[in-house]
$ cat start09.txt   # compact mmCIF, C-alpha atoms (C1' of nucleotides)
# COMPACT_ATOMS: atom_id res chain seq x y z
CA MET N 21 77.55 151.26 182.96
CA ASP N 22 77.98 154.11 180.55
CA LEU N 23 81.51 155.43 180.52
CA ASN N 24 80.54 158.60 178.72
CA THR N 25 78.16 160.05 181.24
CA GLY N 26 78.96 161.89 184.46
CA ARG N 27 81.65 160.91 186.90
CA ARG N 28 83.94 160.06 184.06
CA HIS N 29 87.18 160.43 185.98
CA GLN N 30 86.24 157.96 188.64
CA LYS N 31 85.28 155.37 186.06
CA PHE N 32 88.42 156.01 184.09
CA ARG N 33 90.59 155.47 187.14
CA THR N 34 89.04 152.19 188.24
CA ARG N 35 89.09 151.00 184.68
CA GLN N 36 92.75 151.79 184.29
CA ALA N 37 93.56 150.22 187.64
CA LEU N 38 91.89 147.04 186.49
CA LEU N 39 93.75 146.97 183.21
CA VAL N 40 97.12 147.60 184.85
CA ALA N 41 96.45 144.92 187.43
CA ALA N 42 95.35 142.50 184.73
CA ARG N 43 98.66 142.90 182.92
CA GLN N 44 100.58 142.34 186.13
CA VAL N 45 98.60 139.25 187.03
CA LEU N 46 99.08 137.80 183.58
CA GLU N 47 102.80 138.44 183.78
CA ASN N 48 103.30 137.12 187.28
CA GLN N 49 100.91 134.21 187.41
CA GLY N 50 100.78 133.19 183.79
CA THR N 51 97.01 133.25 183.84
CA LEU N 52 94.19 135.73 184.24
CA SER N 53 90.67 135.97 185.52
CA VAL N 54 88.39 138.83 186.39
CA PRO N 55 88.44 138.05 190.13
CA ALA N 56 92.24 137.80 190.10
CA ALA N 57 92.58 141.17 188.42
CA ALA N 58 90.08 142.64 190.87
CA ASP N 59 92.01 141.36 193.86
CA ALA N 60 95.30 142.59 192.44
CA ALA N 61 93.79 146.01 191.85
CA MET N 62 92.21 145.95 195.32
CA ILE N 63 88.84 146.46 193.76
CA SER N 64 85.69 144.62 194.65
CA ARG N 65 84.83 141.71 192.42
CA ALA N 66 81.37 143.06 191.89
CA THR N 67 82.83 146.29 190.59
CA ALA N 68 85.30 144.51 188.37
CA TYR N 69 82.50 142.55 186.75
CA ARG N 70 80.68 145.82 186.12
CA TYR N 71 83.54 146.83 183.86
CA PHE N 72 84.55 143.53 182.31
CA SER N 73 81.77 141.02 182.34
CA THR N 74 83.89 138.31 180.74
CA ASN N 75 87.42 137.13 180.97
CA GLU N 76 87.62 137.53 177.24
CA ALA N 77 86.90 141.25 177.26
CA LEU N 78 89.45 141.85 179.98
CA ILE N 79 92.22 140.06 178.14
CA ARG N 80 91.45 141.82 174.92
CA GLU N 81 91.49 145.29 176.38
CA ALA N 82 94.31 144.71 178.82
CA VAL N 83 96.77 143.01 176.55
CA LEU N 84 95.74 142.50 172.96
CA ASP N 85 94.97 146.13 172.32
CA THR N 86 98.31 147.12 173.81
CA ASP N 87 101.15 147.73 171.38
CA TRP N 88 98.86 146.98 168.47
CA LYS N 89 100.20 148.94 165.55
CA THR N 90 98.22 150.62 162.83
CA PRO N 91 98.39 149.19 159.31
CA PHE N 92 100.47 152.16 158.28
CA GLU N 93 103.07 151.59 160.99
CA VAL N 94 103.41 147.99 159.92
CA ILE N 95 103.48 148.41 156.18
CA GLY N 96 105.39 151.66 156.05
CA GLU N 97 106.40 152.92 152.66
CA ALA N 98 106.73 149.58 150.95
CA ARG N 99 105.27 149.59 147.46
CA ASP N 100 105.74 146.00 146.43
CA VAL N 101 102.65 144.04 147.34
CA ARG N 102 104.68 140.97 148.23
CA GLU N 103 106.69 142.99 150.66
CA ARG N 104 103.61 144.64 152.12
CA VAL N 105 101.89 141.32 152.71
CA ALA N 106 105.06 139.81 154.11
CA ARG N 107 105.38 142.63 156.59
CA VAL N 108 101.85 142.15 157.81
CA GLY N 109 102.38 138.41 158.13
CA ARG N 110 105.60 138.86 160.06
CA TYR N 111 104.00 141.41 162.32
CA LEU N 112 101.05 139.16 163.11
CA ILE N 113 103.30 136.26 164.04
CA GLU N 114 105.59 138.49 166.06
CA PHE N 115 102.67 140.05 167.90
CA THR N 116 101.21 136.64 168.62
CA LYS N 117 104.48 135.41 170.05
CA GLN N 118 104.93 138.53 172.12
CA HIS N 119 101.61 137.98 173.88
CA GLU N 120 101.32 134.27 173.39
CA VAL N 121 99.70 133.44 176.71
CA ALA N 122 97.12 136.17 176.32
CA HIS N 123 96.34 135.08 172.78
CA ARG N 124 95.87 131.48 173.79
CA LEU N 125 93.68 132.36 176.74
CA PHE N 126 91.67 134.78 174.65
CA LEU N 127 91.10 132.26 171.90
CA ALA N 128 90.12 129.61 174.43
CA LYS N 129 87.56 131.91 176.02
CA SER N 130 86.21 132.91 172.62
CA LEU N 131 85.67 129.30 171.67
CA GLU N 132 83.89 128.54 174.91
CA ALA N 133 81.75 131.61 174.50
CA TRP N 134 80.76 130.41 171.05
CA VAL N 135 79.65 127.07 172.47
CA ALA N 136 77.81 128.71 175.34
CA ALA N 137 75.97 130.98 172.92
CA LEU N 138 74.80 128.14 170.71
CA GLY N 139 71.06 128.41 171.25
CA LYS N 140 71.09 132.19 171.46
CA PRO N 141 70.51 134.40 168.46
CA LYS N 142 73.68 136.37 169.25
CA ALA N 143 76.54 136.34 166.80
CA PRO N 144 79.65 136.36 168.96
CA LEU N 145 82.08 137.19 166.12
CA ARG N 146 85.52 138.09 167.35
CA GLY N 147 87.43 141.22 166.54
CA ALA N 148 88.93 140.98 163.09
CA ARG N 149 91.86 143.31 163.27
CA ARG N 150 93.94 141.49 160.71
CA LEU N 151 91.43 142.08 157.94
CA PRO N 152 91.93 145.84 157.63
CA MET N 153 95.65 145.27 157.92
CA PHE N 154 95.80 142.89 155.00
CA GLU N 155 93.35 145.05 153.15
CA MET N 156 95.74 147.94 153.27
CA ALA N 157 98.62 145.72 152.25
CA LEU N 158 96.67 144.65 149.19
CA GLU N 159 95.67 148.17 148.28
CA PRO N 160 97.91 148.25 145.17
CA LEU N 161 95.87 145.37 143.79
CA ARG N 162 92.52 147.00 144.40
CA GLU N 163 92.17 148.28 140.85
CA VAL N 164 93.90 145.32 139.28
CA LEU N 165 91.77 142.50 140.59
CA SER N 166 88.03 142.13 140.44
CA ALA N 167 86.22 142.81 143.68
CA ASP N 168 85.42 139.13 144.13
CA VAL N 169 88.96 137.96 143.64
CA PHE N 170 90.26 140.70 145.87
CA ASP N 171 87.94 139.57 148.62
CA THR N 172 88.87 135.93 148.20
CA LEU N 173 92.54 136.80 148.41
CA LEU N 174 91.98 138.90 151.50
CA LYS N 175 90.09 136.18 153.33
CA SER N 176 92.60 133.56 152.26
CA LEU N 177 95.46 135.51 153.75
CA ALA N 178 93.51 136.17 156.92
CA SER N 179 92.69 132.50 157.33
CA ALA N 180 96.33 131.46 157.13
CA SER N 181 97.79 133.93 159.60
CA GLY N 182 97.43 135.10 163.14
CA ILE N 183 96.93 133.06 166.25
CA GLU N 184 95.00 130.20 164.63
CA SER N 185 97.70 129.50 162.10
CA TYR N 186 100.32 129.87 164.81
CA ILE N 187 98.58 127.29 166.99
CA ALA N 188 98.43 124.83 164.12
CA LEU N 189 102.12 125.23 163.37
CA ARG N 190 103.29 124.98 166.95
CA ASP N 191 100.90 122.53 168.55
CA VAL N 192 99.93 120.33 165.64
CA CYS N 193 103.06 120.37 163.51
CA GLY N 194 105.35 120.72 166.50
CA LEU N 195 107.58 123.34 164.90
CA ASP N 196 110.00 125.61 166.72
CA GLU N 197 109.86 129.39 166.48
CA ASP N 198 112.09 129.75 163.46
CA GLU N 199 110.35 127.09 161.46
CA THR N 200 107.02 128.66 162.36
CA ASP N 201 108.15 131.99 160.97
CA ARG N 202 109.45 130.37 157.83
CA ILE N 203 106.42 128.26 157.00
CA SER N 204 104.02 131.04 157.80
CA ALA N 205 105.83 133.32 155.37
CA GLU N 206 105.86 130.63 152.71
CA VAL N 207 102.15 130.03 152.99
CA LEU N 208 101.27 133.69 152.69
CA ALA N 209 103.58 134.05 149.71
CA ALA N 210 102.02 131.02 148.04
CA ILE N 211 98.52 132.42 148.48
CA LEU N 212 99.49 135.83 147.20
CA ASP N 213 101.34 134.46 144.18
CA ARG N 214 98.31 132.54 143.10
CA TYR N 215 96.38 135.75 142.58
CA MET N 216 99.13 138.11 141.50
CA PRO N 217 98.77 139.18 137.90
CA MET V 21 94.75 102.74 186.04
CA ASP V 22 96.16 100.23 183.62
CA LEU V 23 93.55 99.00 181.17
CA ASN V 24 95.66 96.09 180.03
CA THR V 25 95.99 94.26 183.30
CA GLY V 26 93.44 92.05 184.97
CA ARG V 27 89.74 92.72 185.22
CA ARG V 28 89.71 94.02 181.67
CA HIS V 29 86.04 93.50 181.01
CA GLN V 30 84.91 95.56 183.95
CA LYS V 31 87.12 98.43 182.92
CA PHE V 32 86.01 98.17 179.34
CA ARG V 33 82.37 98.37 180.31
CA THR V 34 82.65 101.43 182.50
CA ARG V 35 84.84 103.07 179.92
CA GLN V 36 82.32 102.45 177.17
CA ALA V 37 79.48 103.63 179.35
CA LEU V 38 81.31 106.87 179.93
CA LEU V 39 82.01 107.40 176.26
CA VAL V 40 78.42 106.71 175.25
CA ALA V 41 77.12 109.03 177.94
CA ALA V 42 79.58 111.71 176.88
CA ARG V 43 78.26 111.66 173.34
CA GLN V 44 74.70 111.90 174.58
CA VAL V 45 75.46 114.79 176.89
CA LEU V 46 77.25 116.66 174.15
CA GLU V 47 74.33 116.13 171.83
CA ASN V 48 71.61 117.04 174.30
CA GLN V 49 73.19 119.82 176.28
CA GLY V 50 75.57 121.28 173.74
CA THR V 51 78.41 121.08 176.20
CA LEU V 52 80.44 118.48 178.05
CA SER V 53 82.29 117.96 181.30
CA VAL V 54 83.60 114.92 183.07
CA PRO V 55 81.10 115.23 185.95
CA ALA V 56 78.23 115.62 183.49
CA ALA V 57 79.23 112.48 181.63
CA ALA V 58 79.64 110.64 184.91
CA ASP V 59 76.17 111.60 186.07
CA ALA V 60 74.64 110.68 182.72
CA ALA V 61 76.35 107.30 182.86
CA MET V 62 75.30 106.89 186.50
CA ILE V 63 78.91 106.42 187.44
CA SER V 64 80.63 108.02 190.37
CA ARG V 65 82.55 111.16 189.59
CA ALA V 66 85.61 109.81 191.27
CA THR V 67 85.53 106.81 188.97
CA ALA V 68 84.98 108.94 185.91
CA TYR V 69 88.05 110.99 186.74
CA ARG V 70 90.03 107.79 187.07
CA TYR V 71 89.38 107.14 183.39
CA PHE V 72 89.42 110.63 181.94
CA SER V 73 91.39 113.01 184.06
CA THR V 74 90.67 115.95 181.78
CA ASN V 75 87.77 117.22 179.80
CA GLU V 76 90.05 117.27 176.80
CA ALA V 77 90.78 113.56 176.87
CA LEU V 78 87.10 112.74 177.21
CA ILE V 79 86.10 114.83 174.23
CA ARG V 80 88.85 113.44 172.08
CA GLU V 81 88.05 109.82 172.77
CA ALA V 82 84.29 110.20 172.86
CA VAL V 83 83.78 112.26 169.75
CA LEU V 84 86.84 113.16 167.76
CA ASP V 85 88.01 109.59 167.36
CA THR V 86 84.54 108.55 166.23
CA ASP V 87 83.94 108.35 162.49
CA TRP V 88 87.53 109.35 161.85
CA LYS V 89 88.47 107.78 158.57
CA THR V 90 91.79 106.34 157.56
CA PRO V 91 93.87 108.17 154.98
CA PHE V 92 93.07 105.42 152.51
CA GLU V 93 89.32 105.76 152.95
CA VAL V 94 89.58 109.49 152.33
CA ILE V 95 91.97 109.49 149.42
CA GLY V 96 90.73 106.38 147.74
CA GLU V 97 92.18 105.55 144.37
CA ALA V 98 92.90 109.08 143.24
CA ARG V 99 96.25 109.39 141.53
CA ASP V 100 96.41 113.10 140.87
CA VAL V 101 98.11 114.83 143.78
CA ARG V 102 95.86 117.84 143.49
CA GLU V 103 92.82 115.64 143.79
CA ARG V 104 94.32 113.71 146.70
CA VAL V 105 95.11 116.87 148.63
CA ALA V 106 91.72 118.34 147.80
CA ARG V 107 89.99 115.25 149.16
CA VAL V 108 91.89 115.46 152.42
CA GLY V 109 91.13 119.15 152.73
CA ARG V 110 87.44 118.62 152.07
CA TYR V 111 87.31 115.77 154.53
CA LEU V 112 88.97 117.79 157.28
CA ILE V 113 86.52 120.65 156.86
CA GLU V 114 83.58 118.31 156.66
CA PHE V 115 84.69 116.44 159.76
CA THR V 116 85.19 119.68 161.63
CA LYS V 117 81.70 120.86 160.75
CA GLN V 118 80.17 117.54 161.66
CA HIS V 119 81.55 117.76 165.20
CA GLU V 120 81.93 121.48 165.43
CA VAL V 121 80.99 121.85 169.08
CA ALA V 122 83.34 119.07 170.14
CA HIS V 123 86.15 120.55 168.08
CA ARG V 124 85.70 123.98 169.58
CA LEU V 125 85.52 122.66 173.11
CA PHE V 126 88.51 120.44 172.56
CA LEU V 127 90.60 123.23 171.11
CA ALA V 128 89.61 125.53 173.97
CA LYS V 129 90.63 122.97 176.55
CA SER V 130 93.89 122.30 174.75
CA LEU V 131 94.76 125.97 174.79
CA GLU V 132 94.01 126.27 178.47
CA ALA V 133 96.05 123.18 179.18
CA TRP V 134 98.98 124.74 177.37
CA VAL V 135 98.78 127.82 179.53
CA ALA V 136 98.38 125.79 182.70
CA ALA V 137 101.45 123.74 181.82
CA LEU V 138 103.65 126.77 181.23
CA GLY V 139 106.17 126.29 184.02
CA LYS V 140 106.16 122.53 183.76
CA PRO V 141 108.62 120.61 181.64
CA LYS V 142 105.79 118.72 179.97
CA ALA V 143 105.20 119.08 176.26
CA PRO V 144 101.43 119.01 175.84
CA LEU V 145 101.45 118.61 172.04
CA ARG V 146 98.06 117.71 170.63
CA GLY V 147 97.26 114.79 168.42
CA ALA V 148 98.32 115.50 164.87
CA ARG V 149 96.08 113.29 162.82
CA ARG V 150 96.04 115.46 159.76
CA LEU V 151 99.77 115.09 159.23
CA PRO V 152 99.75 111.41 158.25
CA MET V 153 96.70 112.09 156.14
CA PHE V 154 98.36 114.81 154.10
CA GLU V 155 101.51 112.76 154.03
CA MET V 156 99.74 109.97 152.24
CA ALA V 157 98.09 112.42 149.89
CA LEU V 158 101.51 113.74 148.95
CA GLU V 159 103.00 110.31 148.49
CA PRO V 160 103.30 110.66 144.69
CA LEU V 161 105.64 113.60 145.30
CA ARG V 162 107.87 111.78 147.74
CA GLU V 163 110.46 110.89 145.12
CA VAL V 164 110.03 114.07 143.15
CA LEU V 165 110.70 116.64 145.84
CA SER V 166 113.63 116.88 148.19
CA ALA V 167 112.96 115.76 151.72
CA ASP V 168 113.12 119.35 152.98
CA VAL V 169 110.70 120.69 150.47
CA PHE V 170 108.37 117.78 151.00
CA ASP V 171 108.31 118.49 154.71
CA THR V 172 107.72 122.20 154.21
CA LEU V 173 104.83 121.46 151.91
CA LEU V 174 103.35 118.99 154.37
CA LYS V 175 103.49 121.41 157.28
CA SER V 176 102.15 124.24 155.16
CA LEU V 177 99.09 122.24 154.21
CA ALA V 178 98.57 121.15 157.80
CA SER V 179 98.78 124.72 159.06
CA ALA V 180 96.09 125.92 156.67
CA SER V 181 93.49 123.25 157.32
CA GLY V 182 91.54 121.66 160.09
CA ILE V 183 89.83 123.31 163.01
CA GLU V 184 92.22 126.25 163.35
CA SER V 185 91.76 127.35 159.79
CA TYR V 186 88.04 126.78 160.10
CA ILE V 187 87.85 129.03 163.15
CA ALA V 188 89.71 131.79 161.38
CA LEU V 189 87.39 131.63 158.38
CA ARG V 190 84.18 131.51 160.37
CA ASP V 191 84.86 133.68 163.40
CA VAL V 192 87.40 136.15 162.08
CA CYS V 193 86.37 136.48 158.45
CA GLY V 194 82.70 135.90 159.19
CA LEU V 195 82.16 133.56 156.26
CA ASP V 196 79.23 131.20 155.81
CA GLU V 197 79.64 127.48 155.28
CA ASP V 198 79.90 127.55 151.51
CA GLU V 199 82.41 130.35 151.43
CA THR V 200 84.43 128.55 154.07
CA ASP V 201 84.61 125.45 151.90
CA ARG V 202 85.56 127.48 148.88
CA ILE V 203 88.33 129.54 150.45
CA SER V 204 89.76 126.59 152.28
CA ALA V 205 90.04 124.67 149.02
CA GLU V 206 91.62 127.64 147.28
CA VAL V 207 94.25 128.06 149.97
CA LEU V 208 95.27 124.43 149.87
CA ALA V 209 95.44 124.50 146.09
CA ALA V 210 97.57 127.62 146.20
CA ILE V 211 100.02 126.05 148.62
CA LEU V 212 100.26 122.85 146.62
CA ASP V 213 100.72 124.62 143.32
CA ARG V 214 103.67 126.54 144.68
CA TYR V 215 105.60 123.31 145.14
CA MET V 216 104.30 121.22 142.30
CA PRO V 217 106.93 120.53 139.69
C1' DA D 25 79.51 173.90 201.90
C1' DG D 26 75.82 170.82 201.36
C1' DC D 27 73.15 167.62 198.75
C1' DA D 28 71.53 164.29 195.39
C1' DT D 29 73.25 160.80 192.73
C1' DA D 30 75.90 157.22 191.17
C1' DA D 31 79.87 154.24 191.92
C1' DT D 32 81.83 151.12 195.09
C1' DG D 33 82.57 147.59 198.73
C1' DA D 34 81.40 143.81 201.70
C1' DG D 35 79.65 139.58 202.11
C1' DA D 36 76.84 135.96 201.21
C1' DC D 37 74.98 132.85 197.89
C1' DG D 38 74.51 128.75 194.60
C1' DA D 39 76.83 126.24 191.20
C1' DC D 40 80.57 123.77 189.39
C1' DT D 41 85.16 121.50 189.45
C1' DG D 42 88.62 118.31 190.92
C1' DT D 43 90.48 115.52 194.84
C1' DC D 44 90.55 112.63 198.75
C1' DG D 45 89.74 108.71 202.15
C1' DC D 46 87.28 104.98 203.27
C1' DA D 47 83.84 101.53 202.93
C1' DA D 48 81.46 98.23 199.87
C1' DG D 49 81.15 95.66 196.10
C1' DA D 50 82.62 92.97 192.17
C1' DA D 51 85.93 90.01 189.75
C1' DC D 52 89.79 86.82 189.31
C1' DT D 53 92.61 82.98 191.73
C1' DT D 54 93.32 78.55 193.85
C1' DA E 11 83.46 77.92 197.26
C1' DA E 12 86.30 80.99 199.83
C1' DG E 13 89.52 84.47 200.01
C1' DT E 14 92.08 88.10 198.10
C1' DT E 15 92.53 92.00 195.27
C1' DC E 16 91.16 95.72 192.78
C1' DT E 17 87.47 98.57 191.09
C1' DT E 18 83.77 101.36 192.45
C1' DG E 19 80.67 104.47 195.07
C1' DC E 20 79.70 107.69 198.57
C1' DG E 21 80.31 111.82 200.78
C1' DA E 22 82.90 115.47 202.04
C1' DC E 23 86.20 118.88 201.06
C1' DA E 24 88.50 123.20 199.31
C1' DG E 25 88.75 126.25 195.52
C1' DT E 26 86.82 129.19 191.94
C1' DC E 27 83.38 131.68 189.48
C1' DG E 28 79.60 134.80 188.69
C1' DT E 29 75.63 137.15 190.78
C1' DC E 30 73.01 139.54 194.05
C1' DT E 31 71.64 142.85 197.81
C1' DC E 32 72.33 146.53 200.51
C1' DA E 33 75.01 149.72 202.99
C1' DT E 34 78.70 153.06 202.32
C1' DT E 35 81.42 156.13 200.04
C1' DA E 36 82.97 159.43 196.73
C1' DT E 37 81.82 162.60 193.10
C1' DG E 38 80.00 166.53 190.80
C1' DC E 39 76.64 170.11 190.93
C1' DT E 40 74.05 174.04 192.93

$ encode --input "start09.txt" --output "structure tokens"
Amino acid sequence: MDLNTGRRHQKFRTRQALLVAARQVLENQGTLSVPAAADAAMISRATAYRYFSTNEALIREAVLDTDWKTPFEVIGEARDVRERVARVGRYLIEFTKQHEVAHRLFLAKSLEAWVAALGKPKAPLRGARRLPMFEMALEPLREVLSADVFDTLLKSLASASGIESYIALRDVCGLDEDETDRISAEVLAAILDRYMP
Amino acid sequence: MDLNTGRRHQKFRTRQALLVAARQVLENQGTLSVPAAADAAMISRATAYRYFSTNEALIREAVLDTDWKTPFEVIGEARDVRERVARVGRYLIEFTKQHEVAHRLFLAKSLEAWVAALGKPKAPLRGARRLPMFEMALEPLREVLSADVFDTLLKSLASASGIESYIALRDVCGLDEDETDRISAEVLAAILDRYMP
DNA sequence: AGCATAATGAGACGACTGTCGCAAGAACTT
DNA sequence: AAGTTCTTGCGACAGTCGTCTCATTATGCT
């Protein structure tokens, strides 16, 4: 279904109704599925699947894209690279906590989709919103570091933040919220310091 | 069902049959479920569920506990802490790659179990096998660092390794296998260096 | 206002999951 | 060897998911 061809308003309305219902369902029931959102929105399941063919897509658009700030909003006017990176790290953890259920469900569905797509040629690759965010935070180092080192630093920071890192700290290490914040900040600082001139 | 009370051999046999079948199914079909393992083992589904009530438990026991080395086997005789930590890090990545499908499925099921157990008082907490492994790697620092710092270092390393870190590097950063190895090693080295006297 | 077109709804479908009760079989006890 | 006990298998069950077909409705255009 092409959202940009005729009858746009109708499509926009049903789409919005689905997204609103999805947020409500997730809040009330602590879980989410396409059929559940469809029922809550009083929309046929068949129609709901026409808009969001997977659970994953629904969660992403209904919740994870909500409240997501731009790199500029997060980093602000900070000039110190350490401060810029710290702000991004804090924001990622905070955002993860704020929508923890959605993040966990989304990650679970992504992992299952990867397994299901094993034989296929498709590359399922998730959204990588944290990369541009860290990239902007590191901008002051762009001319200081070689392109290779810059890239290594960027990927290192990305690999030690966000939902995956959060899961490891909470579920594997068994830390509480405060300790999670602390260790996450320490790790990012350690990575950054290694490459700071 | 208590495996340590009478009729042990019978239970042992059916249990083994299920585990063997589970490995085969995972290898052949690229996925795994309790019913699938039961069918492959020619064992009733009801019985299979009596042994492994969740998909998660089956995957863990059938695959993730297989080939898992002891900290001593991994670290060997290395005395240098950097080398010890590097060996653990390499082993964790290697082990993750070796059973990538199982790891992804297991993590997915764990995340869903967490969400499903939201209201309940239960603490689902996963196994945390990498903690004792890093702990032994850091043993030479035990008397050098304060207990707090030692613990922070341990948790930091654990949070930046294993399947979660691997997922971030592959799916979010889009790295290939070699780059994944490289960045993972760099991150662990960066964390360790921050705390090394 | 009327019409062609495209979105939607209703319902059924097959597949899978997890649970249950009850009968049948195997294993330990004496 | 016989009896008891506990595991096991069978089959059925409800619930969910994702897909499909076809009729119905709403929309936007002339």

$ residues_around --input "start09.txt" --residues "DA39 in chain D" --least-positions-apart "3" --cutoff "12 Å" --atoms "all atoms listed in the file" --output "VMD selection string"
chain E and resid 26 to 29

$ closest_residue --input "start09.txt" --among "N:Arg43, N:Arg65, N:Arg35, N:Arg124" --to "chain D" --atoms "only C-alpha atoms (C1' of nucleotides)"
N:Arg65

$ closest_residue --input "start09.txt" --among "V:Ile187, V:Asp213, V:Asn48, V:Phe72" --to "chain D" --atoms "all atoms listed in the file"
V:Phe72

$ atom_distance --input "start09.txt" --atom1 "CA of Gly96 in chain N" --atom2 "CA of Met216 in chain N"
20.8 Å

$ closest_atom_pairs --input "start09.txt" --of "chain N" --to "chain D" --cutoff "12 Å" --atoms "all atoms listed in the file" --output "JSON lines"
{"residue": "N:Met21", "atom": "CA", "partner": "D:DA31", "partner_atom": "C1'", "distance": 9.7}
{"residue": "N:Asp22", "atom": "CA", "partner": "D:DA30", "partner_atom": "C1'", "distance": 11.3}
{"residue": "N:Leu23", "atom": "CA", "partner": "D:DA31", "partner_atom": "C1'", "distance": 11.6}
{"residue": "N:Thr25", "atom": "CA", "partner": "D:DA30", "partner_atom": "C1'", "distance": 10.6}
{"residue": "N:Gly26", "atom": "CA", "partner": "D:DA30", "partner_atom": "C1'", "distance": 8.7}
{"residue": "N:Arg27", "atom": "CA", "partner": "D:DA30", "partner_atom": "C1'", "distance": 8.1}
{"residue": "N:Arg28", "atom": "CA", "partner": "D:DA31", "partner_atom": "C1'", "distance": 10.6}
{"residue": "N:His29", "atom": "CA", "partner": "D:DA31", "partner_atom": "C1'", "distance": 11.3}
{"residue": "N:Gln30", "atom": "CA", "partner": "D:DA31", "partner_atom": "C1'", "distance": 8.1}
{"residue": "N:Lys31", "atom": "CA", "partner": "D:DA31", "partner_atom": "C1'", "distance": 8.1}
{"residue": "N:Phe32", "atom": "CA", "partner": "D:DA31", "partner_atom": "C1'", "distance": 11.7}
{"residue": "N:Arg33", "atom": "CA", "partner": "D:DA31", "partner_atom": "C1'", "distance": 11.8}
{"residue": "N:Thr34", "atom": "CA", "partner": "D:DT32", "partner_atom": "C1'", "distance": 10.0}
{"residue": "N:Ala58", "atom": "CA", "partner": "D:DG33", "partner_atom": "C1'", "distance": 11.9}
{"residue": "N:Met62", "atom": "CA", "partner": "D:DG33", "partner_atom": "C1'", "distance": 10.4}
{"residue": "N:Ile63", "atom": "CA", "partner": "D:DG33", "partner_atom": "C1'", "distance": 8.1}
{"residue": "N:Ser64", "atom": "CA", "partner": "D:DG33", "partner_atom": "C1'", "distance": 5.9}
{"residue": "N:Arg65", "atom": "CA", "partner": "D:DG33", "partner_atom": "C1'", "distance": 8.9}
{"residue": "N:Ala66", "atom": "CA", "partner": "D:DG33", "partner_atom": "C1'", "distance": 8.3}
{"residue": "N:Thr67", "atom": "CA", "partner": "D:DT32", "partner_atom": "C1'", "distance": 6.7}
{"residue": "N:Ala68", "atom": "CA", "partner": "D:DT32", "partner_atom": "C1'", "distance": 10.0}
{"residue": "N:Tyr69", "atom": "CA", "partner": "D:DT32", "partner_atom": "C1'", "distance": 12.0}
{"residue": "N:Arg70", "atom": "CA", "partner": "D:DA31", "partner_atom": "C1'", "distance": 10.3}
{"residue": "N:Tyr71", "atom": "CA", "partner": "D:DA31", "partner_atom": "C1'", "distance": 11.5}

$ closest_atom_pairs --input "start09.txt" --of "chain N" --to "chain V" --cutoff "6 Å" --atoms "only C-alpha atoms" --output "JSON lines"
{"residue": "N:Arg124", "atom": "CA", "partner": "V:Leu131", "partner_atom": "CA", "distance": 5.7}
{"residue": "N:Ala128", "atom": "CA", "partner": "V:Ala128", "partner_atom": "CA", "distance": 4.1}
{"residue": "N:Leu131", "atom": "CA", "partner": "V:Arg124", "partner_atom": "CA", "distance": 5.7}
{"residue": "N:Leu145", "atom": "CA", "partner": "V:Asp191", "partner_atom": "CA", "distance": 5.2}
{"residue": "N:Arg146", "atom": "CA", "partner": "V:Val192", "partner_atom": "CA", "distance": 5.9}
{"residue": "N:Ala148", "atom": "CA", "partner": "V:Val192", "partner_atom": "CA", "distance": 5.2}
{"residue": "N:Ser179", "atom": "CA", "partner": "V:Ala188", "partner_atom": "CA", "distance": 5.1}
{"residue": "N:Ala180", "atom": "CA", "partner": "V:Ala180", "partner_atom": "CA", "distance": 5.6}
{"residue": "N:Glu184", "atom": "CA", "partner": "V:Glu184", "partner_atom": "CA", "distance": 5.0}
{"residue": "N:Ser185", "atom": "CA", "partner": "V:Ser179", "partner_atom": "CA", "distance": 5.8}
{"residue": "N:Ala188", "atom": "CA", "partner": "V:Ser179", "partner_atom": "CA", "distance": 5.1}
{"residue": "N:Leu189", "atom": "CA", "partner": "V:Ser179", "partner_atom": "CA", "distance": 5.5}
{"residue": "N:Asp191", "atom": "CA", "partner": "V:Leu145", "partner_atom": "CA", "distance": 5.3}
{"residue": "N:Val192", "atom": "CA", "partner": "V:Ala148", "partner_atom": "CA", "distance": 5.1}
{"residue": "N:Ala210", "atom": "CA", "partner": "V:Ile211", "partner_atom": "CA", "distance": 5.4}
{"residue": "N:Ile211", "atom": "CA", "partner": "V:Ala210", "partner_atom": "CA", "distance": 5.4}
{"residue": "N:Arg214", "atom": "CA", "partner": "V:Ala210", "partner_atom": "CA", "distance": 5.9}

$ interface_residues --input "start09.txt" --of "chain E" --to "chain V" --cutoff "9 Å" --atoms "all atoms listed in the file" --output "list in words"
DC16, DT17, DT18, DG19 and DC20 of chain E

$ atom_distance --input "start09.txt" --atom1 "CA of Arg162 in chain V" --atom2 "CA of Gly109 in chain V"
19.0 Å

$ atom_distance --input "start09.txt" --atom1 "CA of Leu78 in chain V" --atom2 "CA of Ala57 in chain V"
9.0 Å

$ closest_residue --input "start09.txt" --among "V:Leu39, V:Phe115, V:Val169, V:Glu47" --to "Arg80 in chain V" --atoms "all atoms listed in the file"
V:Leu39
